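Data block for model.cif (mmCIF, C-alpha atoms):
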```cif
data_work
loop_
_atom_site.label_atom_id
_atom_site.label_comp_id
_atom_site.auth_asym_id
_atom_site.auth_seq_id
_atom_site.Cartn_x
_atom_site.Cartn_y
_atom_site.Cartn_z
CA MET C 1 9.37 -0.34 49.16
CA LYS C 2 9.85 -0.30 45.38
CA LYS C 3 12.30 -2.76 43.86
CA THR C 4 15.23 -1.20 41.99
CA ILE C 5 15.61 -1.77 38.25
CA LEU C 6 18.67 -0.71 36.30
CA ALA C 7 17.81 0.46 32.77
CA LEU C 8 20.75 0.35 30.34
CA GLY C 9 18.72 1.79 27.47
CA THR C 10 15.29 3.23 26.81
CA MET C 11 11.95 1.90 25.66
CA LEU C 12 9.20 4.22 24.41
CA PRO C 13 8.20 6.96 26.92
CA PRO C 14 4.81 5.45 27.97
CA GLU C 15 6.41 2.11 28.88
CA MET C 16 9.29 3.82 30.69
CA ALA C 17 6.75 5.88 32.65
CA GLU C 18 4.81 2.74 33.57
CA LEU C 19 7.99 1.06 34.75
CA GLU C 20 8.96 4.11 36.79
CA GLU C 21 5.55 4.22 38.44
CA ASN C 22 5.96 0.73 39.88
CA PHE C 23 9.71 0.46 40.41
CA ASN C 24 12.70 2.54 41.45
CA LEU C 25 14.11 3.02 37.94
CA ILE C 26 17.75 3.96 37.44
CA ARG C 27 18.36 5.26 33.89
CA LEU C 28 22.07 4.50 33.77
CA TRP C 29 22.72 5.96 30.32
CA LYS C 30 21.52 9.35 31.57
CA GLU C 31 23.82 9.45 34.60
CA SER C 32 26.79 11.84 34.40
CA ASP C 33 28.97 9.23 36.14
CA PRO C 34 27.50 5.79 35.33
CA GLU C 35 30.28 3.95 37.16
CA ALA C 36 29.69 5.85 40.39
CA THR C 37 25.94 5.33 40.08
CA LEU C 38 26.41 1.61 39.55
CA GLN C 39 28.56 1.39 42.66
CA ALA C 40 25.97 3.31 44.70
CA VAL C 41 23.00 1.10 43.72
CA LYS C 42 24.65 -2.28 43.14
CA GLN C 43 23.25 -3.85 46.32
CA ASP C 44 19.70 -2.75 45.46
CA VAL C 45 19.42 -3.72 41.79
CA VAL C 46 17.29 -6.84 41.28
CA ALA C 47 16.59 -6.50 37.55
CA ILE C 48 18.15 -5.04 34.41
CA VAL C 49 16.29 -3.69 31.40
CA SER C 50 18.61 -3.89 28.41
CA THR C 51 18.20 -3.14 24.71
CA PHE C 52 19.52 -5.21 21.81
CA ASN C 53 21.51 -2.27 20.41
CA GLY C 54 22.49 -0.73 23.73
CA MET C 55 25.06 -1.27 26.45
CA GLN C 56 26.62 -4.70 26.89
CA VAL C 57 25.31 -6.73 29.81
CA SER C 58 28.75 -8.13 30.42
CA ARG C 59 29.98 -10.66 32.95
CA ALA C 60 31.53 -7.74 34.85
CA ILE C 61 28.16 -5.95 35.20
CA ILE C 62 26.39 -9.18 36.17
CA GLU C 63 29.01 -10.00 38.80
CA ALA C 64 28.89 -6.44 40.15
CA LEU C 65 25.20 -6.86 41.07
CA PRO C 66 24.98 -9.45 43.86
CA ASN C 67 21.17 -9.40 44.10
CA LEU C 68 20.38 -9.44 40.40
CA GLU C 69 17.53 -11.83 39.57
CA LEU C 70 16.37 -10.91 36.06
CA ILE C 71 17.64 -9.44 32.79
CA ALA C 72 14.72 -8.30 30.62
CA GLN C 73 15.76 -7.64 27.04
CA TYR C 74 13.91 -5.06 24.93
CA GLY C 75 14.51 -6.89 21.66
CA ALA C 76 14.38 -10.30 20.05
CA GLY C 77 18.12 -11.03 20.10
CA VAL C 78 20.34 -11.25 23.17
CA ASN C 79 23.75 -10.82 21.53
CA ASN C 80 24.64 -8.01 23.94
CA ILE C 81 24.02 -10.19 27.02
CA ASP C 82 26.52 -12.63 28.51
CA VAL C 83 23.89 -15.35 28.79
CA GLU C 84 26.40 -17.88 30.11
CA ALA C 85 27.35 -15.60 33.01
CA ALA C 86 23.66 -15.10 33.80
CA LYS C 87 23.03 -18.84 33.70
CA GLU C 88 25.88 -19.50 36.12
CA ARG C 89 24.20 -17.15 38.62
CA HIS C 90 20.71 -18.59 37.92
CA ILE C 91 19.62 -15.18 36.66
CA ALA C 92 16.58 -15.33 34.39
CA VAL C 93 16.88 -13.79 30.91
CA THR C 94 13.87 -12.78 28.85
CA SER C 95 13.51 -11.30 25.36
CA THR C 96 10.70 -10.18 23.04
CA PRO C 97 10.98 -12.73 20.21
CA GLU C 98 7.52 -12.64 18.65
CA THR C 99 6.72 -8.94 18.77
CA PRO C 100 8.92 -7.78 15.83
CA MET C 101 8.05 -10.83 13.71
CA ASN C 102 5.59 -9.29 11.24
CA ASP C 103 7.39 -5.97 10.82
CA THR C 104 10.71 -7.74 10.20
CA ALA C 105 9.06 -10.05 7.67
CA ASP C 106 7.52 -7.00 5.97
CA THR C 107 10.99 -5.43 5.83
CA ALA C 108 12.42 -8.56 4.19
CA LEU C 109 9.66 -8.53 1.59
CA GLY C 110 10.15 -4.78 1.06
CA LEU C 111 13.86 -5.36 0.40
CA ILE C 112 13.06 -8.17 -2.04
CA ILE C 113 10.61 -5.95 -3.91
CA ASN C 114 12.85 -2.90 -3.94
CA THR C 115 15.96 -4.82 -4.94
CA LEU C 116 14.34 -6.75 -7.79
CA ARG C 117 12.03 -4.00 -9.05
CA ARG C 118 14.58 -1.21 -8.37
CA PHE C 119 11.97 1.13 -6.89
CA VAL C 120 14.51 3.11 -4.85
CA GLU C 121 16.60 3.73 -7.98
CA ALA C 122 13.45 4.64 -9.91
CA ASP C 123 12.47 7.20 -7.28
CA VAL C 124 15.89 8.89 -7.52
CA PHE C 125 15.77 8.64 -11.35
CA LEU C 126 12.54 10.64 -11.40
CA ARG C 127 13.54 13.15 -8.72
CA ILE C 128 16.76 14.20 -10.44
CA GLY C 129 14.99 14.73 -13.77
CA LYS C 130 16.37 11.81 -15.78
CA TRP C 131 12.88 10.77 -16.92
CA ASN C 132 12.79 13.89 -19.08
CA SER C 133 15.54 12.52 -21.29
CA SER C 134 15.37 8.71 -21.05
CA GLY C 135 13.37 5.75 -19.85
CA PHE C 136 14.18 3.84 -16.68
CA PRO C 137 16.07 0.54 -17.23
CA LEU C 138 14.15 -2.72 -17.05
CA ALA C 139 13.90 -4.39 -13.65
CA THR C 140 13.17 -8.00 -12.60
CA SER C 141 9.78 -9.56 -11.85
CA LEU C 142 9.09 -11.23 -8.51
CA THR C 143 6.64 -13.82 -9.83
CA GLY C 144 8.19 -17.27 -10.03
CA LYS C 145 11.49 -16.29 -8.45
CA ARG C 146 12.73 -18.95 -6.03
CA VAL C 147 13.36 -17.77 -2.47
CA GLY C 148 15.70 -19.56 -0.08
CA ILE C 149 15.33 -18.69 3.60
CA ILE C 150 18.14 -19.22 6.11
CA GLY C 151 16.49 -19.81 9.48
CA MET C 152 12.89 -20.99 9.38
CA GLY C 153 11.83 -19.76 12.81
CA ARG C 154 8.93 -17.39 13.47
CA ILE C 155 10.31 -14.63 11.25
CA GLY C 156 11.44 -17.04 8.53
CA GLN C 157 7.97 -18.58 8.35
CA ALA C 158 6.35 -15.14 8.25
CA ILE C 159 8.65 -14.23 5.33
CA ALA C 160 7.76 -17.50 3.60
CA ARG C 161 4.03 -16.77 3.84
CA ARG C 162 4.52 -13.37 2.27
CA CYS C 163 6.66 -14.78 -0.53
CA GLU C 164 4.02 -17.41 -1.29
CA ALA C 165 1.44 -14.63 -1.70
CA PHE C 166 3.72 -13.19 -4.41
CA GLU C 167 3.92 -16.59 -6.13
CA MET C 168 7.54 -17.07 -5.18
CA PRO C 169 8.40 -20.71 -4.35
CA VAL C 170 10.13 -21.11 -0.97
CA SER C 171 12.79 -23.50 0.31
CA TYR C 172 14.98 -23.24 3.39
CA PHE C 173 18.16 -24.11 5.27
CA GLY C 174 18.65 -24.57 8.99
CA PRO C 175 20.29 -26.82 11.55
CA ARG C 176 17.49 -29.35 11.08
CA LYS C 177 14.32 -29.96 9.09
CA LYS C 178 11.23 -28.42 10.68
CA GLU C 179 8.36 -30.78 11.44
CA GLY C 180 5.09 -29.78 9.84
CA LEU C 181 6.59 -27.55 7.13
CA ASN C 182 6.13 -28.55 3.52
CA TYR C 183 8.81 -26.29 2.06
CA PRO C 184 11.79 -28.13 0.53
CA TYR C 185 14.65 -28.38 3.02
CA PHE C 186 18.38 -28.17 2.20
CA SER C 187 20.96 -29.42 4.69
CA SER C 188 23.68 -27.56 2.77
CA LEU C 189 23.62 -23.74 2.60
CA THR C 190 25.71 -23.70 -0.57
CA GLU C 191 23.25 -26.11 -2.19
CA LEU C 192 20.32 -23.92 -1.20
CA ALA C 193 22.05 -20.85 -2.64
CA ALA C 194 22.66 -22.67 -5.93
CA ASN C 195 18.95 -23.48 -6.23
CA VAL C 196 17.35 -20.10 -5.54
CA ASP C 197 17.16 -16.61 -7.04
CA VAL C 198 16.81 -14.75 -3.73
CA LEU C 199 18.62 -15.79 -0.55
CA VAL C 200 17.14 -14.35 2.67
CA CYS C 201 18.95 -14.36 6.03
CA SER C 202 16.53 -14.54 8.97
CA CYS C 203 18.57 -16.67 11.35
CA ILE C 204 19.93 -15.92 14.81
CA GLY C 205 23.23 -14.15 15.31
CA GLY C 206 26.15 -15.42 17.35
CA ALA C 207 29.07 -17.78 16.88
CA GLU C 208 27.15 -20.54 15.11
CA THR C 209 26.04 -18.27 12.25
CA HIS C 210 29.06 -15.94 12.11
CA HIS C 211 29.99 -15.29 8.44
CA ILE C 212 27.94 -18.21 7.12
CA ILE C 213 27.38 -16.01 4.06
CA ASN C 214 30.79 -16.08 2.44
CA THR C 215 32.43 -16.27 -0.98
CA ALA C 216 31.42 -19.90 -1.57
CA VAL C 217 27.75 -19.21 -0.81
CA LEU C 218 27.67 -16.01 -2.87
CA LYS C 219 29.27 -17.68 -5.88
CA ALA C 220 26.70 -20.47 -5.59
CA LEU C 221 23.92 -17.86 -5.53
CA GLY C 222 25.21 -16.69 -8.88
CA PRO C 223 25.24 -13.59 -11.11
CA LYS C 224 21.44 -13.26 -11.17
CA GLY C 225 21.05 -13.87 -7.44
CA ILE C 226 19.99 -11.41 -4.74
CA LEU C 227 21.02 -11.49 -1.07
CA ILE C 228 18.66 -10.13 1.58
CA ASN C 229 19.70 -9.76 5.24
CA VAL C 230 17.25 -8.93 8.03
CA ALA C 231 19.03 -11.17 10.58
CA ARG C 232 22.27 -9.85 12.07
CA GLY C 233 25.21 -8.15 10.37
CA SER C 234 27.57 -10.84 11.68
CA VAL C 235 25.87 -13.44 9.48
CA VAL C 236 27.45 -11.94 6.34
CA ASN C 237 31.19 -11.59 5.68
CA THR C 238 31.15 -7.96 4.55
CA GLU C 239 34.42 -8.16 2.61
CA ASP C 240 33.23 -11.23 0.69
CA LEU C 241 29.94 -9.46 -0.08
CA LEU C 242 31.70 -6.34 -1.35
CA VAL C 243 33.89 -8.44 -3.66
CA ALA C 244 30.88 -10.41 -4.92
CA LEU C 245 28.91 -7.23 -5.66
CA SER C 246 31.88 -5.52 -7.33
CA ASN C 247 32.68 -8.56 -9.49
CA LYS C 248 28.98 -9.13 -10.34
CA ASP C 249 29.19 -12.59 -8.77
CA ILE C 250 25.69 -11.73 -7.53
CA ALA C 251 23.20 -9.24 -8.98
CA GLY C 252 22.51 -7.24 -5.85
CA ALA C 253 21.66 -7.11 -2.18
CA GLY C 254 19.08 -5.67 0.20
CA LEU C 255 20.40 -5.07 3.71
CA ASP C 256 18.87 -3.89 6.97
CA VAL C 257 21.75 -4.99 9.22
CA TYR C 258 25.53 -4.57 9.16
CA GLU C 259 28.60 -5.90 10.93
CA ASN C 260 29.63 -2.63 12.59
CA GLU C 261 26.42 -0.66 13.00
CA PRO C 262 25.86 2.20 12.53
CA SER C 263 29.00 2.27 10.38
CA VAL C 264 28.38 1.12 6.80
CA PRO C 265 31.29 0.77 4.34
CA GLU C 266 31.44 3.69 1.92
CA SER C 267 32.08 1.26 -0.92
CA LEU C 268 28.71 -0.38 -0.16
CA ILE C 269 26.90 2.97 0.01
CA SER C 270 28.29 3.95 -3.40
CA MET C 271 26.94 0.84 -5.16
CA ASP C 272 23.76 1.18 -7.18
CA ASN C 273 22.87 -2.52 -7.04
CA VAL C 274 22.09 -2.51 -3.30
CA VAL C 275 19.20 -1.25 -1.16
CA LEU C 276 20.31 -0.15 2.31
CA LEU C 277 18.13 0.43 5.39
CA PRO C 278 19.28 1.67 8.82
CA HIS C 279 18.22 -1.42 10.84
CA ILE C 280 14.50 -0.65 10.85
CA GLY C 281 13.13 -4.21 10.70
CA GLY C 282 10.95 -3.83 13.78
CA HIS C 283 11.05 -0.05 13.90
CA THR C 284 7.36 0.78 14.15
CA HIS C 285 5.23 2.32 16.89
CA GLU C 286 3.24 -0.89 17.18
CA THR C 287 6.24 -3.19 17.54
CA LYS C 288 8.16 -0.96 19.95
CA THR C 289 5.07 -0.54 22.13
CA GLY C 290 4.43 -4.27 22.09
CA MET C 291 8.05 -5.03 22.99
CA GLY C 292 7.91 -2.65 25.95
CA LYS C 293 4.71 -4.22 27.24
CA VAL C 294 6.29 -7.69 27.06
CA VAL C 295 9.33 -6.43 29.00
CA ILE C 296 7.08 -5.03 31.73
CA ALA C 297 4.92 -8.16 31.80
CA ASN C 298 8.01 -10.34 32.26
CA ILE C 299 9.28 -8.17 35.12
CA GLU C 300 5.91 -8.17 36.86
CA ALA C 301 5.52 -11.93 36.39
CA HIS C 302 8.94 -12.58 37.88
CA PHE C 303 8.41 -10.48 41.00
CA ASN C 304 4.88 -11.78 41.52
CA GLY C 305 5.94 -15.41 41.37
CA ARG C 306 4.30 -16.18 38.03
CA PRO C 307 5.90 -17.96 35.04
CA LEU C 308 7.85 -15.71 32.68
CA LEU C 309 6.09 -14.93 29.40
CA THR C 310 9.10 -15.18 27.12
CA PRO C 311 12.11 -16.73 28.84
CA PHE C 312 15.22 -16.95 26.68
CA ALA C 313 16.36 -20.54 26.22
CA ALA C 314 20.09 -20.62 25.47
#
```

Do you think you could lay out the structure here as structure tokens?
Amino acid sequence: MKKTILALGTMLPPEMAELEENFNLIRLWKESDPEATLQAVKQDVVAIVSTFNGMQVSRAIIEALPNLELIAQYGAGVNNIDVEAAKERHIAVTSTPETPMNDTADTALGLIINTLRRFVEADVFLRIGKWNSSGFPLATSLTGKRVGIIGMGRIGQAIARRCEAFEMPVSYFGPRKKEGLNYPYFSSLTELAANVDVLVCSCIGGAETHHIINTAVLKALGPKGILINVARGSVVNTEDLLVALSNKDIAGAGLDVYENEPSVPESLISMDNVVLLPHIGGHTHETKTGMGKVVIANIEAHFNGRPLLTPFAA
């Protein structure tokens, strides 16, 4: 008899089909009455497949499923999962932390390039015919610009390697100095901001990093500084950022994530010194396929008594 898995969001079709072939898959988001469906299958569900930007895996959902053994996250972050509630029930939680690493690092570098060199503006400038009457304003070179990275985990290190290839010196801030890394380390975020030209957020989300980018940090970054965020929207205090951009306390920003996605403040959209992306850091066929395969591998490992590939350590 196939084990029952409750899917709260979707992966790519091939991975969903593979999951459905081996398990009794309940696609909750497609049900006309999700609550009734949940009540009907609650005794059978042994695993949840959740997505980082999908339904909340709340304490209420976890407690409603008495035989739940595993929550497999389709994404690197687990902000939508009540990890503490899962831990109390000894329910395993997995994520896909390494799969989006390179694409997210590429996105960070793309935002750095586009914000400093103003390529997005230049594209619009040409398309609307302005080149016929004037030259495009000067931009800023990448070479030699100092990059400060907040969060030197897998993604932070991948960003650092890319910046080095562009001859951009790297330093970083985090809860502690990383062994084996030769980049200069700052124990103060404000100090790091004061000593770099580009400040890149690649840290985890959650309470410990909530609004760590605030007025003090932005003022330290200074009027020639650029903020890049490929972490989580909660890392940046949006109001403080809007004030800093409006007052020219910083030169610009490149953002892939926002506090209230998919809602983006109109005042931010109207600014010409920002580059805005719709949270596409890991949004490639290769990454999404890889993430789905890791989710399936974790589920199969769990139910076959093997060690999990990527357990989430709270």

Computed interatomic separation between CA of Leu6 (chain C) and CA of His90 (chain C) (Å):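 Taking CA of Leu6 (chain C) and CA of His90 (chain C), their separation equals 18.1 Å.
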
Explicit residue set for the PyMOL selection byres ((chain C and resi 160) around 12), as a VMD selection string: chain C and resid 102 105 to 106 108 to 109 146 to 159 161 to 172 181 to 184 198 to 202

Protein/DNA/RNA residues near (24.9, -12.5, 23.0), cut 12 Å, all atoms listed in the file, as an MDAnalysis selection string: chainID C and resid 50:53 55:59 73 75:86 93 95 204:208 232 234 312 314

Distance query Asn22 (chain C) at most 12 Å, only C-alpha atoms, self and fewer than 6 positions along chain excluded, as a ChimeraX atom specification: /C:1-5,15-16,296,299-300,303

Atom pair CA of Ala92 (chain C) / CA of Ala7 (chain C): separation (Å): 15.9 Å

Residues within 10 Å of Lys293 (chain C), only C-alpha atoms, excluding chain neighbours under 3 positions, as a list in words: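 The filter keeps Met11, Leu12, Pro14, Glu15, Met16, Glu18, Leu19, Tyr74, Thr96, Thr99, Thr287, Lys288, Thr289, Gly290, Ile296, Ala297, Asn298 and Ile299 of chain C.
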
d(CA of Asp197 (chain C), CA of Val217 (chain C)) in Å: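 Computing it gives 12.6 Å between the two atoms.
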
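With distances taken over all atoms listed in the file, C:Leu116 is the one residue among C:Leu126, C:Leu68, C:Met291, C:Leu116 lying closest to Ala251 (chain C).
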
Residue neighbourhood Ala72 (chain C), 6 Å, all atoms listed in the file, exclusion window fewer than 2 positions, as number ranges by chain: C: 49, 93-94, 295

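Ranking C:Ile62, C:Leu221, C:Ala216, C:Val236 by their shortest atom-to-atom distance to Gln43 (chain C), with only C-alpha atoms included, puts C:Ile62 first.
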
Within 12 Å of Ser267 (chain C) using all atoms listed in the file, minus same-chain residues under 5 positions, as a list of chain:residue names: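 These residues fall inside the cut-off: C:Thr238, C:Glu239, C:Leu241, C:Leu242, C:Val243, C:Leu245, C:Ser246, C:Asp272, C:Asn273, C:Val274.
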
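Comparing the minimum interatomic distances between Asn229 (chain C) and each of C:Gly281, C:Gly180, C:Pro13, C:Pro311, counting all atoms listed in the file, we find that C:Gly281 sits nearest.
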
Spatial neighbours of Thr190 (chain C), 10 Å, only C-alpha atoms, chain gap at least 5 places, as a PyMOL selection string: chain C and resi 173+195+212-214+216-221

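Proximity ranking of C:Lys145, C:Lys30, C:Arg118, C:His211 relative to Ala253 (chain C) places C:Arg118 first, based on all atoms listed in the file.
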
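Those residues returned by the PyMOL selection byres ((chain C and resi 121) around 12) for this file are Asn114, Thr115, Leu116, Arg117, Arg118, Phe119, Val120, Ala122, Asp123, Val124, Phe125, Leu126, Arg127, Ile128, Lys130, Trp131, Phe136, Pro137, Leu138, Ala139, Met271, Asp272, Asn273, Val274, Val275 and Leu276 of chain C.
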
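Distance check against His279 (chain C) using all atoms listed in the file: of C:Leu227, C:Leu111, C:Ala313, C:Ala36, the minimum falls on C:Leu111.
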
Would you fill out region 222-236 of chain C with N, CA and C atoms and return it as a PDB file, in the coordinates of the input?
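result-v9.pdb, freshly written:
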```pdb
ATOM      1  N   GLY C 222      25.056 -16.959  -7.463  1.00  0.00           N
ATOM      2  CA  GLY C 222      25.210 -16.690  -8.880  1.00  0.00           C
ATOM      3  C   GLY C 222      24.928 -15.273  -9.342  1.00  0.00           C
ATOM      4  N   PRO C 223      25.283 -14.960 -10.581  1.00  0.00           N
ATOM      5  CA  PRO C 223      25.240 -13.590 -11.110  1.00  0.00           C
ATOM      6  C   PRO C 223      23.845 -12.984 -11.251  1.00  0.00           C
ATOM      7  N   LYS C 224      22.799 -13.791 -11.145  1.00  0.00           N
ATOM      8  CA  LYS C 224      21.440 -13.260 -11.170  1.00  0.00           C
ATOM      9  C   LYS C 224      20.814 -13.259  -9.776  1.00  0.00           C
ATOM     10  N   GLY C 225      21.577 -13.705  -8.780  1.00  0.00           N
ATOM     11  CA  GLY C 225      21.050 -13.870  -7.440  1.00  0.00           C
ATOM     12  C   GLY C 225      21.050 -12.592  -6.611  1.00  0.00           C
ATOM     13  N   ILE C 226      20.139 -12.550  -5.644  1.00  0.00           N
ATOM     14  CA  ILE C 226      19.990 -11.410  -4.740  1.00  0.00           C
ATOM     15  C   ILE C 226      20.125 -11.907  -3.309  1.00  0.00           C
ATOM     16  N   LEU C 227      20.895 -11.182  -2.487  1.00  0.00           N
ATOM     17  CA  LEU C 227      21.020 -11.490  -1.070  1.00  0.00           C
ATOM     18  C   LEU C 227      20.222 -10.474  -0.256  1.00  0.00           C
ATOM     19  N   ILE C 228      19.425 -10.978   0.677  1.00  0.00           N
ATOM     20  CA  ILE C 228      18.660 -10.130   1.580  1.00  0.00           C
ATOM     21  C   ILE C 228      19.051 -10.491   3.008  1.00  0.00           C
ATOM     22  N   ASN C 229      19.352  -9.481   3.837  1.00  0.00           N
ATOM     23  CA  ASN C 229      19.700  -9.760   5.240  1.00  0.00           C
ATOM     24  C   ASN C 229      18.884  -8.907   6.194  1.00  0.00           C
ATOM     25  N   VAL C 230      17.994  -9.587   6.951  1.00  0.00           N
ATOM     26  CA  VAL C 230      17.250  -8.930   8.030  1.00  0.00           C
ATOM     27  C   VAL C 230      17.553  -9.635   9.356  1.00  0.00           C
ATOM     28  N   ALA C 231      18.652 -10.400   9.390  1.00  0.00           N
ATOM     29  CA  ALA C 231      19.030 -11.170  10.580  1.00  0.00           C
ATOM     30  C   ALA C 231      19.956 -10.344  11.456  1.00  0.00           C
ATOM     31  N   ARG C 232      21.237 -10.604  11.375  1.00  0.00           N
ATOM     32  CA  ARG C 232      22.270  -9.850  12.070  1.00  0.00           C
ATOM     33  C   ARG C 232      23.415  -9.605  11.095  1.00  0.00           C
ATOM     34  N   GLY C 233      24.110  -8.482  11.267  1.00  0.00           N
ATOM     35  CA  GLY C 233      25.210  -8.150  10.370  1.00  0.00           C
ATOM     36  C   GLY C 233      26.301  -9.190  10.389  1.00  0.00           C
ATOM     37  N   SER C 234      26.495  -9.853  11.532  1.00  0.00           N
ATOM     38  CA  SER C 234      27.570 -10.840  11.680  1.00  0.00           C
ATOM     39  C   SER C 234      27.366 -12.076  10.812  1.00  0.00           C
ATOM     40  N   VAL C 235      26.162 -12.274  10.308  1.00  0.00           N
ATOM     41  CA  VAL C 235      25.870 -13.440   9.480  1.00  0.00           C
ATOM     42  C   VAL C 235      26.618 -13.371   8.143  1.00  0.00           C
ATOM     43  N   VAL C 236      26.848 -12.150   7.662  1.00  0.00           N
ATOM     44  CA  VAL C 236      27.450 -11.940   6.340  1.00  0.00           C
ATOM     45  C   VAL C 236      28.895 -11.451   6.491  1.00  0.00           C
TER      46      VAL C 236
END
```
